[in-house]
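Visitor: Got a structure for you, protein_7.tsv, holding TSV, C-alpha atoms and all ligand atoms.
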chain	number	residue	atom	x	y	z
P	1	MET	CA	-26.00	3.68	-45.73
P	2	ASN	CA	-28.43	6.49	-46.49
P	3	LEU	CA	-30.69	5.35	-49.27
P	4	ILE	CA	-33.39	7.44	-50.94
P	5	LEU	CA	-36.26	5.66	-52.65
P	6	PHE	CA	-37.35	8.17	-55.24
P	7	GLY	CA	-40.38	8.06	-57.52
P	8	PRO	CA	-43.98	9.16	-58.07
P	9	PRO	CA	-46.84	8.14	-55.78
P	10	GLY	CA	-47.75	4.51	-56.38
P	11	SER	CA	-44.39	3.56	-57.86
P	12	GLY	CA	-43.89	0.93	-55.15
P	13	LYS	CA	-41.39	2.64	-52.84
P	14	GLY	CA	-43.24	1.62	-49.69
P	15	THR	CA	-43.55	-2.00	-50.81
P	16	GLN	CA	-39.84	-2.20	-51.52
P	17	ALA	CA	-38.99	-0.53	-48.23
P	18	GLN	CA	-40.91	-3.32	-46.51
P	19	PHE	CA	-38.82	-5.91	-48.35
P	20	LEU	CA	-35.60	-4.19	-47.32
P	21	LEU	CA	-36.71	-4.07	-43.71
P	22	GLU	CA	-36.97	-7.88	-43.69
P	23	SER	CA	-33.27	-8.36	-44.21
P	24	GLN	CA	-31.43	-5.35	-42.85
P	25	SER	CA	-31.35	-3.20	-39.79
P	26	PHE	CA	-32.59	-0.17	-41.67
P	27	LEU	CA	-34.54	2.64	-40.12
P	28	HIS	CA	-37.40	3.38	-42.49
P	29	ILE	CA	-38.33	7.05	-42.63
P	30	SER	CA	-41.50	7.49	-44.64
P	31	THR	CA	-42.65	11.08	-44.26
P	32	GLY	CA	-46.11	10.09	-45.52
P	33	ASP	CA	-46.42	7.43	-42.78
P	34	LEU	CA	-45.15	9.82	-40.12
P	35	LEU	CA	-47.66	12.48	-41.15
P	36	ARG	CA	-50.55	10.00	-41.35
P	37	ASN	CA	-49.64	8.86	-37.86
P	38	GLU	CA	-49.92	12.44	-36.59
P	39	VAL	CA	-53.30	12.79	-38.30
P	40	ARG	CA	-54.52	9.50	-36.79
P	41	ARG	CA	-53.44	10.58	-33.31
P	42	GLY	CA	-55.14	13.95	-33.76
P	43	THR	CA	-52.05	15.92	-32.70
P	44	LEU	CA	-51.65	19.64	-33.38
P	45	LEU	CA	-49.38	18.83	-36.28
P	46	GLY	CA	-51.82	16.20	-37.53
P	47	ASN	CA	-54.67	18.70	-37.53
P	48	GLU	CA	-52.50	21.21	-39.34
P	49	VAL	CA	-51.58	18.85	-42.18
P	50	LYS	CA	-54.78	16.80	-42.53
P	51	ASP	CA	-56.53	18.94	-45.16
P	52	ILE	CA	-53.33	19.64	-47.03
P	53	MET	CA	-52.64	15.93	-47.39
P	54	GLU	CA	-56.19	15.04	-48.31
P	55	ARG	CA	-55.89	17.40	-51.27
P	56	GLY	CA	-52.54	15.98	-52.29
P	57	ASN	CA	-50.66	19.19	-51.47
P	58	PHE	CA	-47.42	19.54	-49.53
P	59	PRO	CA	-47.09	20.72	-45.93
P	60	SER	CA	-44.24	23.26	-45.59
P	61	ASP	CA	-40.62	22.15	-45.86
P	62	ASP	CA	-40.13	23.28	-42.24
P	63	ILE	CA	-42.78	20.85	-41.03
P	64	ILE	CA	-41.38	18.01	-43.08
P	65	PHE	CA	-37.78	18.69	-42.12
P	66	ASN	CA	-38.71	18.85	-38.44
P	67	ILE	CA	-40.20	15.37	-38.40
P	68	VAL	CA	-37.34	13.92	-40.42
P	69	SER	CA	-34.67	15.51	-38.18
P	70	LYS	CA	-36.27	14.07	-35.07
P	71	GLU	CA	-36.11	10.58	-36.52
P	72	VAL	CA	-32.56	10.91	-37.79
P	73	ILE	CA	-31.22	12.45	-34.60
P	74	SER	CA	-32.85	9.90	-32.31
P	75	THR	CA	-31.81	6.73	-34.15
P	76	GLN	CA	-28.81	4.56	-33.34
P	77	ARG	CA	-29.06	2.83	-36.69
P	78	GLN	CA	-26.47	3.36	-39.37
P	79	HIS	CA	-28.68	2.53	-42.32
P	80	ILE	CA	-31.64	4.71	-43.22
P	81	ILE	CA	-34.19	4.41	-46.01
P	82	PHE	CA	-35.81	7.72	-46.94
P	83	ASP	CA	-39.15	7.09	-48.60
P	84	GLY	CA	-41.18	10.00	-49.97
P	85	PHE	CA	-38.49	12.43	-48.84
P	86	PRO	CA	-37.01	14.68	-50.16
P	87	ARG	CA	-39.82	15.97	-52.36
P	88	THR	CA	-38.52	19.47	-53.04
P	89	LEU	CA	-35.04	20.71	-53.90
P	90	ASN	CA	-34.97	22.64	-50.64
P	91	GLN	CA	-35.68	19.41	-48.73
P	92	ALA	CA	-32.77	17.76	-50.56
P	93	HIS	CA	-30.45	20.56	-49.42
P	94	LEU	CA	-31.77	20.35	-45.86
P	95	LEU	CA	-31.18	16.59	-45.82
P	96	ASP	CA	-27.58	17.07	-46.93
P	97	SER	CA	-26.89	19.52	-44.13
P	98	LEU	CA	-28.57	17.29	-41.57
P	99	LEU	CA	-26.48	14.26	-42.57
P	100	GLU	CA	-23.29	16.32	-42.74
P	101	LYS	CA	-23.64	17.08	-39.05
P	102	ASN	CA	-23.17	13.33	-38.44
P	103	GLN	CA	-20.33	13.10	-40.97
P	104	ALA	CA	-22.73	11.20	-43.21
P	105	LYS	CA	-24.18	11.74	-46.66
P	106	VAL	CA	-26.71	10.37	-49.11
P	107	ASN	CA	-25.13	7.22	-50.58
P	108	LEU	CA	-27.64	6.13	-53.19
P	109	VAL	CA	-30.82	7.42	-54.82
P	110	VAL	CA	-32.92	4.80	-56.58
P	111	ASP	CA	-35.29	6.24	-59.13
P	112	PHE	CA	-38.45	4.14	-59.50
P	113	CYS	CA	-39.30	4.68	-63.18
P	114	VAL	CA	-42.88	3.81	-63.95
P	115	ASP	CA	-45.36	4.55	-66.67
P	116	LEU	CA	-47.60	7.28	-65.23
P	117	ASP	CA	-50.73	5.63	-66.69
P	118	LEU	CA	-50.04	2.61	-64.53
P	119	LEU	CA	-50.14	4.65	-61.35
P	120	LEU	CA	-53.84	5.32	-61.32
P	121	HIS	CA	-54.51	1.63	-61.70
P	122	ARG	CA	-52.09	0.72	-58.95
P	123	ILE	CA	-53.11	3.32	-56.46
P	124	THR	CA	-56.78	2.65	-56.67
P	125	GLY	CA	-56.05	-1.02	-55.79
P	126	ARG	CA	-53.91	-0.12	-52.80
P	127	TYR	CA	-54.86	-0.78	-49.19
P	128	SER	CA	-53.01	-1.27	-45.95
P	129	CYS	CA	-53.23	-2.93	-42.57
P	130	GLU	CA	-54.87	-0.60	-40.08
P	131	ASN	CA	-52.71	-1.93	-37.29
P	132	CYS	CA	-49.15	-2.04	-38.67
P	133	GLY	CA	-49.39	-0.14	-41.95
P	134	ALA	CA	-48.22	-3.02	-44.19
P	135	VAL	CA	-49.18	-2.17	-47.76
P	136	TYR	CA	-51.06	-4.52	-50.10
P	137	ASN	CA	-52.65	-4.32	-53.51
P	138	GLN	CA	-55.82	-6.09	-54.52
P	139	GLU	CA	-54.31	-7.01	-57.88
P	140	PHE	CA	-50.73	-7.98	-57.31
P	141	LEU	CA	-49.83	-8.08	-53.65
P	142	GLN	CA	-52.45	-9.72	-51.50
P	143	PRO	CA	-51.83	-11.16	-48.03
P	144	LYS	CA	-50.82	-14.82	-48.10
P	145	LEU	CA	-53.88	-15.72	-46.10
P	146	ALA	CA	-56.97	-13.93	-47.41
P	147	ASP	CA	-57.84	-10.85	-45.33
P	148	VAL	CA	-55.17	-11.50	-42.70
P	149	CYS	CA	-52.13	-9.21	-42.51
P	150	ASP	CA	-48.88	-11.14	-43.15
P	151	LYS	CA	-46.98	-8.95	-40.74
P	152	CYS	CA	-49.17	-8.72	-37.66
P	153	GLY	CA	-52.20	-10.98	-38.17
P	154	SER	CA	-54.72	-8.14	-38.01
P	155	GLU	CA	-57.87	-8.49	-40.08
P	156	LYS	CA	-58.56	-4.77	-40.38
P	157	PHE	CA	-57.54	-2.98	-43.53
P	158	ILE	CA	-57.95	0.60	-44.66
P	159	ARG	CA	-57.64	2.67	-47.81
P	160	ARG	CA	-55.91	6.03	-47.86
P	161	GLN	CA	-58.06	9.15	-48.18
P	162	ASP	CA	-55.76	10.55	-50.86
P	163	ASP	CA	-55.76	7.37	-52.99
P	164	ASN	CA	-58.59	8.46	-55.25
P	165	PRO	CA	-58.40	9.52	-58.91
P	166	ASP	CA	-58.95	13.28	-58.37
P	167	VAL	CA	-56.39	13.71	-55.62
P	168	LEU	CA	-53.99	11.40	-57.40
P	169	LYS	CA	-53.93	13.74	-60.40
P	170	ASN	CA	-52.80	16.57	-58.13
P	171	ARG	CA	-50.21	14.36	-56.43
P	172	ILE	CA	-48.74	13.39	-59.78
P	173	GLN	CA	-48.77	17.01	-60.88
P	174	LYS	CA	-46.89	18.02	-57.72
P	175	TYR	CA	-44.43	15.23	-58.39
P	176	LEU	CA	-43.81	16.44	-61.94
P	177	THR	CA	-43.47	20.12	-61.05
P	178	GLU	CA	-41.76	20.07	-57.65
P	179	THR	CA	-40.18	16.69	-57.08
P	180	GLU	CA	-38.82	15.44	-60.39
P	181	VAL	CA	-36.40	18.38	-60.61
P	182	ILE	CA	-34.45	16.92	-57.71
P	183	LYS	CA	-33.23	14.17	-60.02
P	184	ASP	CA	-30.75	16.53	-61.68
P	185	TYR	CA	-29.34	17.41	-58.31
P	186	TYR	CA	-28.56	13.74	-57.58
P	187	ILE	CA	-27.44	12.99	-61.15
P	188	LYS	CA	-24.80	15.72	-60.80
P	189	LYS	CA	-23.65	14.07	-57.59
P	190	ASN	CA	-23.51	10.74	-59.43
P	191	LEU	CA	-25.88	9.13	-56.95
P	192	LEU	CA	-28.95	8.36	-59.04
P	193	VAL	CA	-29.65	4.89	-60.38
P	194	LYS	CA	-32.80	4.07	-62.34
P	195	ILE	CA	-34.84	0.91	-62.00
P	196	ASN	CA	-37.87	-0.25	-63.95
P	197	ALA	CA	-40.66	-0.11	-61.37
P	198	SER	CA	-43.44	-1.07	-63.79
P	199	ASN	CA	-42.64	-4.75	-63.29
P	200	ASN	CA	-43.95	-6.99	-60.52
P	201	PRO	CA	-42.71	-6.39	-56.94
P	202	GLU	CA	-40.37	-9.41	-56.90
P	203	ASP	CA	-38.62	-8.24	-60.05
P	204	VAL	CA	-38.30	-4.69	-58.70
P	205	ARG	CA	-36.95	-6.15	-55.48
P	206	ALA	CA	-34.21	-7.98	-57.41
P	207	GLN	CA	-33.26	-4.81	-59.30
P	208	LEU	CA	-33.15	-2.78	-56.10
P	209	SER	CA	-31.00	-5.34	-54.28
P	210	LEU	CA	-28.57	-5.33	-57.19
P	211	CYS	CA	-28.31	-1.51	-57.13
P	212	ILE	CA	-27.55	-1.57	-53.42
P	213	ARG	CA	-24.85	-4.21	-53.86
P	214	GLN	CA	-23.37	-2.40	-56.83
P	215	ALA	CA	-23.15	0.73	-54.69
P	216	GLY	CA	-20.87	-1.31	-52.46
P	217	PHE	CA	-23.16	-2.21	-49.58
P	218	VAL	CA	-23.26	-5.70	-48.17
P	219	PHE	CA	-26.84	-6.73	-48.15
L	301	LIG	P1	-46.82	9.51	-49.42
L	301	LIG	O1	-47.28	8.53	-48.39
L	301	LIG	O2	-45.31	9.57	-49.53
L	301	LIG	O3	-47.49	9.36	-50.75
L	301	LIG	O4	-47.24	10.95	-48.87
L	301	LIG	C1	-48.60	11.27	-48.65
L	301	LIG	C2	-48.77	12.78	-48.53
L	301	LIG	O5	-48.01	13.27	-47.42
L	301	LIG	C3	-48.27	13.59	-49.71
L	301	LIG	O6	-49.23	13.67	-50.76
L	301	LIG	C4	-48.02	14.94	-49.06
L	301	LIG	O7	-49.25	15.59	-48.79
L	301	LIG	C5	-47.44	14.53	-47.72
L	301	LIG	N1	-45.96	14.36	-47.78
L	301	LIG	C6	-45.27	13.20	-47.54
L	301	LIG	N2	-43.95	13.41	-47.65
L	301	LIG	C7	-43.79	14.71	-47.99
L	301	LIG	C8	-42.66	15.51	-48.26
L	301	LIG	N3	-41.40	15.02	-48.22
L	301	LIG	N4	-42.88	16.80	-48.57
L	301	LIG	C9	-44.12	17.32	-48.63
L	301	LIG	N5	-45.23	16.61	-48.38
L	301	LIG	C10	-45.08	15.32	-48.07
Once more with this new file: its structure as C-alpha cells, please.
Guide:
Amino acid sequence: MNLILFGPPGSGKGTQAQFLLESQSFLHISTGDLLRNEVRRGTLLGNEVKDIMERGNFPSDDIIFNIVSKEVISTQRQHIIFDGFPRTLNQAHLLDSLLEKNQAKVNLVVDFCVDLDLLLHRITGRYSCENCGAVYNQEFLQPKLADVCDKCGSEKFIRRQDDNPDVLKNRIQKYLTETEVIKDYYIKKNLLVKINASNNPEDVRAQLSLCIRQAGFVF
C-alpha cells in the first residue's frame, strides 16, 4: 500500500505515522526528516537546504524527488507512508511516474483537516527526541516517563528551528498556495479521504485506521 499523509504543518502527520509504524511493516518516508538528517550530518545537500528550510521555503522539486526516489528504489517493503510529500503538483506527478515503474500506484491519500488557528499552538509545543526523532508535544503527547523518550530511552530532546511563529506563518502560506491545490488532483482520482485532525491523537489514530481498512487494506 502506498499511503500519503496529507495536511498542513503541525496537523499530526508525523505522530500518526509513528502509530502506524508500531503495527505494520511500513517504510516511513518523511521528506522533512530526511532533509533534517542531511542538515545534521552537514552533507553537501544538507548545507544547500539548511537556510531554505529554516525560512520555511521549499528546496527544488529535483532535490526532493531525488531523496524520495532513493528510498523507494532501495526498499524491499511493500507498504510505504509518504509524509510531507508530495507538496507540489509537480511532485505528485513525479511520484506517480516513480511508482508506475514498479507497477504500483498511490492507494490512499488521507487529508488531515485541522483548524489553522490550532496549528500555531500545536507547533510551538512540539519537540522531539534528539536520538531517534520521536515527536512529542508538551500539551498533549508527553513521554510516559517524564523526560525519557518512549522509543529509545534517550533523555535529550530538541525543538525544530522552523517551529517558531514567524517561520510557521510562511510554512502555512506555502501550504495554502502550493500544496493544497494537490487535493483536487487526488479527489479526481477518487483517492482522497478527509479526517478531523483537530481531535486528540488517539481519536485521529482511530479515524486513520478506519480509512485504511475501508480502503481495503488489512491492518
Ligand atoms: P516537514 O518536516 O514536513 O514539516 O518539513 C520541514 C521542511 O522541509 C519544510 O518546511 C520544507 O522546507 C522542507 N520540505 C519537506 N518536505 C518537502 C517537500 N516535499 N517539498 C519541499 N520542501 C519540503
Visitor: Using all atoms listed in the file for the distances, tell me which of P:Arg87, P:Lys101, P:His79, P:Lys151 is nearest to ligand LIG 301 (chain L).
Guide: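 For ligand LIG 301 (chain L), the nearest of the candidates is P:Arg87.
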Visitor: Residues contacting ligand LIG 301 (chain L) - anything with an atom at most 7 Å away, using all atoms listed in the file - can you give me those as a list in words?
Guide: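 Counting all atoms listed in the file, the residues within 7 Å of ligand LIG 301 (chain L) come out as Pro9, Ser30, Thr31, Gly32, Asp33, Leu35, Ile52, Met53, Glu54, Gly56, Asn57, Phe58, Pro59, Ser60, Asp61, Ile64, Asp83, Gly84, Phe85, Pro86, Arg87, Thr88 and Arg171 of chain P.
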Visitor: Please dump the current selection as a JSON list (two decimals), in the frame of the given file; keep C-alpha atoms.
Guide:
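And here is the file that came out, again.json:
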[["chain", "number", "residue", "atom", "x", "y", "z"],
["P", 9, "PRO", "CA", -46.84, 8.14, -55.78],
["P", 30, "SER", "CA", -41.50, 7.49, -44.64],
["P", 31, "THR", "CA", -42.65, 11.08, -44.26],
["P", 32, "GLY", "CA", -46.11, 10.09, -45.52],
["P", 33, "ASP", "CA", -46.42, 7.43, -42.78],
["P", 35, "LEU", "CA", -47.66, 12.48, -41.15],
["P", 52, "ILE", "CA", -53.33, 19.64, -47.03],
["P", 53, "MET", "CA", -52.64, 15.93, -47.39],
["P", 54, "GLU", "CA", -56.19, 15.04, -48.31],
["P", 56, "GLY", "CA", -52.54, 15.98, -52.29],
["P", 57, "ASN", "CA", -50.66, 19.19, -51.47],
["P", 58, "PHE", "CA", -47.42, 19.54, -49.53],
["P", 59, "PRO", "CA", -47.09, 20.72, -45.93],
["P", 60, "SER", "CA", -44.24, 23.26, -45.59],
["P", 61, "ASP", "CA", -40.62, 22.15, -45.86],
["P", 64, "ILE", "CA", -41.38, 18.01, -43.08],
["P", 83, "ASP", "CA", -39.15, 7.09, -48.60],
["P", 84, "GLY", "CA", -41.18, 10.00, -49.97],
["P", 85, "PHE", "CA", -38.49, 12.43, -48.84],
["P", 86, "PRO", "CA", -37.01, 14.68, -50.16],
["P", 87, "ARG", "CA", -39.82, 15.97, -52.36],
["P", 88, "THR", "CA", -38.52, 19.47, -53.04],
["P", 171, "ARG", "CA", -50.21, 14.36, -56.43]]
Visitor: One decimal, Å: what's the distance from CA of Gln24 in chain P over to CA of Ala215 in chain P, could you say?
Guide: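 So the two atoms, CA of Gln24 in chain P and CA of Ala215 in chain P, lie 15.7 Å apart.
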Visitor: Using all atoms listed in the file, which protein or nucleic acid residues come within 8 Å of range 69-74 of chain P? Drop anything in the same chain fewer than 3 positions from it, and give the result as a VMD selection string.
Guide: chain P and resid 29 65 to 66 98
Visitor: Given all atoms listed in the file, how would the per-residue table for range 16-81 of chain P near range 109-133 of chain P read, listing every residue at most 12 Å away with its closest atom pair and distance in Å to one decimal, sorted by chain and number, as a tab-separated table?
Guide:
residue	atom	partner	partner_atom	distance
P:Gln16	CA	P:Phe112	CA	10.3
P:Ala17	CA	P:Val110	CA	11.6
P:Gln18	CA	P:Gly133	CA	10.1
P:Ser30	CA	P:Gly133	CA	11.3
P:Gly32	CA	P:Gly133	CA	11.3
P:Asp33	CA	P:Gly133	CA	8.2
P:Leu34	CA	P:Gly133	CA	11.0
P:Arg36	CA	P:Gly133	CA	10.2
P:Asn37	CA	P:Gly133	CA	9.9
P:Arg40	CA	P:Glu130	CA	10.6
P:Ile80	CA	P:Val109	CA	11.9
P:Ile81	CA	P:Val109	CA	9.9
Visitor: With all atoms listed in the file as the basis for distance, which of P:Asn170, P:Leu5, P:Ser11, P:Leu45 is at the shortest distance from Asn199 in chain P?
Guide: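 For Asn199 in chain P, the nearest of the given residues is P:Ser11.
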Visitor: Rank nothing, just name the residue among P:Ser23, P:Phe140, P:Thr75, P:Ser97 nearest to Glu202 in chain P, using all atoms listed in the file.
Guide: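 Nearest to Glu202 in chain P: P:Phe140.
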Visitor: With distances taken over all atoms listed in the file, which of P:Ile67, P:Ile182, P:Gln207, P:Leu27 is nearest to Gly46 in chain P?
Guide: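 Closest residue, counting all atoms listed in the file: P:Ile67.
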Visitor: If you measure from CA of Leu191 in chain P to CA of Leu108 in chain P, what distance in Å do you get, rounded to one decimal?
Guide: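 We find that CA of Leu191 in chain P and CA of Leu108 in chain P lie 5.1 Å from each other.
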Visitor: Which residue, P:Val68, P:Asp51, P:Thr177, P:Leu89, has the smallest gap to Val39 in chain P when you use only C-alpha atoms?
Guide: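 Distance minimum relative to Val39 in chain P lands on P:Asp51.
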Visitor: Generate all heavy atoms for range 154-165 of chain P and emit them as a compact mmCIF listing (two decimals), keeping the file's coordinate frame.
Guide:
# COMPACT_ATOMS: atom_id res chain seq x y z
N SER P 154 -53.47 -8.91 -38.13
CA SER P 154 -54.72 -8.14 -38.01
C SER P 154 -55.64 -8.43 -39.21
O SER P 154 -55.17 -8.77 -40.30
CB SER P 154 -54.39 -6.64 -37.96
OG SER P 154 -55.56 -5.89 -38.17
N GLU P 155 -56.92 -8.27 -38.97
CA GLU P 155 -57.87 -8.49 -40.08
C GLU P 155 -58.53 -7.19 -40.50
O GLU P 155 -59.52 -7.19 -41.21
CB GLU P 155 -58.92 -9.52 -39.65
CG GLU P 155 -58.30 -10.89 -39.42
CD GLU P 155 -59.31 -11.95 -38.99
OE1 GLU P 155 -60.52 -11.71 -39.12
OE2 GLU P 155 -58.87 -13.01 -38.52
N LYS P 156 -57.97 -6.07 -40.01
CA LYS P 156 -58.56 -4.77 -40.38
C LYS P 156 -57.68 -4.05 -41.38
O LYS P 156 -56.48 -3.87 -41.15
CB LYS P 156 -58.70 -3.91 -39.12
CG LYS P 156 -59.79 -4.41 -38.20
CD LYS P 156 -60.20 -3.31 -37.27
CE LYS P 156 -61.39 -3.78 -36.44
NZ LYS P 156 -61.37 -3.21 -35.12
N PHE P 157 -58.29 -3.65 -42.47
CA PHE P 157 -57.54 -2.98 -43.53
C PHE P 157 -58.21 -1.65 -43.85
O PHE P 157 -59.42 -1.49 -43.68
CB PHE P 157 -57.50 -3.85 -44.79
CG PHE P 157 -56.75 -5.14 -44.56
CD1 PHE P 157 -57.42 -6.29 -44.14
CD2 PHE P 157 -55.38 -5.20 -44.73
CE1 PHE P 157 -56.74 -7.47 -43.90
CE2 PHE P 157 -54.68 -6.38 -44.50
CZ PHE P 157 -55.36 -7.51 -44.09
N ILE P 158 -57.40 -0.71 -44.31
CA ILE P 158 -57.95 0.60 -44.66
C ILE P 158 -57.41 1.08 -46.01
O ILE P 158 -56.37 0.61 -46.46
CB ILE P 158 -57.60 1.69 -43.61
CG1 ILE P 158 -56.12 1.60 -43.21
CG2 ILE P 158 -58.50 1.64 -42.40
CD1 ILE P 158 -55.63 2.78 -42.42
N ARG P 159 -58.14 2.03 -46.59
CA ARG P 159 -57.64 2.67 -47.81
C ARG P 159 -57.31 4.12 -47.47
O ARG P 159 -57.95 4.73 -46.62
CB ARG P 159 -58.74 2.68 -48.89
CG ARG P 159 -58.85 1.34 -49.55
CD ARG P 159 -59.90 1.37 -50.66
NE ARG P 159 -60.13 0.02 -51.13
CZ ARG P 159 -59.44 -0.54 -52.12
NH1 ARG P 159 -58.51 0.14 -52.77
NH2 ARG P 159 -59.70 -1.78 -52.48
N ARG P 160 -56.30 4.66 -48.13
CA ARG P 160 -55.91 6.03 -47.86
C ARG P 160 -56.90 7.01 -48.47
O ARG P 160 -57.38 6.81 -49.57
CB ARG P 160 -54.51 6.29 -48.44
CG ARG P 160 -53.42 5.77 -47.56
CD ARG P 160 -52.08 5.83 -48.20
NE ARG P 160 -51.77 7.11 -48.84
CZ ARG P 160 -50.56 7.41 -49.33
NH1 ARG P 160 -49.59 6.53 -49.23
NH2 ARG P 160 -50.34 8.57 -49.90
N GLN P 161 -57.17 8.08 -47.72
CA GLN P 161 -58.06 9.15 -48.18
C GLN P 161 -57.61 9.75 -49.51
O GLN P 161 -58.42 10.13 -50.34
CB GLN P 161 -58.04 10.31 -47.16
CG GLN P 161 -58.73 10.03 -45.85
CD GLN P 161 -60.19 10.38 -45.94
OE1 GLN P 161 -60.64 10.88 -46.97
NE2 GLN P 161 -60.94 10.09 -44.89
N ASP P 162 -56.27 9.85 -49.66
CA ASP P 162 -55.76 10.55 -50.86
C ASP P 162 -55.53 9.60 -52.04
O ASP P 162 -55.05 10.02 -53.08
CB ASP P 162 -54.49 11.34 -50.53
CG ASP P 162 -53.37 10.47 -49.95
OD1 ASP P 162 -53.63 9.30 -49.62
OD2 ASP P 162 -52.24 10.97 -49.83
N ASP P 163 -55.89 8.31 -51.88
CA ASP P 163 -55.76 7.37 -52.99
C ASP P 163 -57.03 7.34 -53.83
O ASP P 163 -57.67 6.30 -54.00
CB ASP P 163 -55.47 5.95 -52.46
CG ASP P 163 -53.98 5.74 -52.17
OD1 ASP P 163 -53.18 6.63 -52.50
OD2 ASP P 163 -53.65 4.69 -51.61
N ASN P 164 -57.44 8.47 -54.35
CA ASN P 164 -58.59 8.46 -55.25
C ASN P 164 -58.20 9.25 -56.51
O ASN P 164 -57.28 10.07 -56.47
CB ASN P 164 -59.84 9.02 -54.56
CG ASN P 164 -59.70 10.48 -54.23
OD1 ASN P 164 -59.64 11.32 -55.13
ND2 ASN P 164 -59.59 10.80 -52.95
N PRO P 165 -58.88 8.99 -57.63
CA PRO P 165 -58.40 9.52 -58.91
C PRO P 165 -58.19 11.04 -58.93
O PRO P 165 -57.19 11.52 -59.48
CB PRO P 165 -59.51 9.10 -59.90
CG PRO P 165 -60.12 7.90 -59.28
CD PRO P 165 -60.04 8.10 -57.79
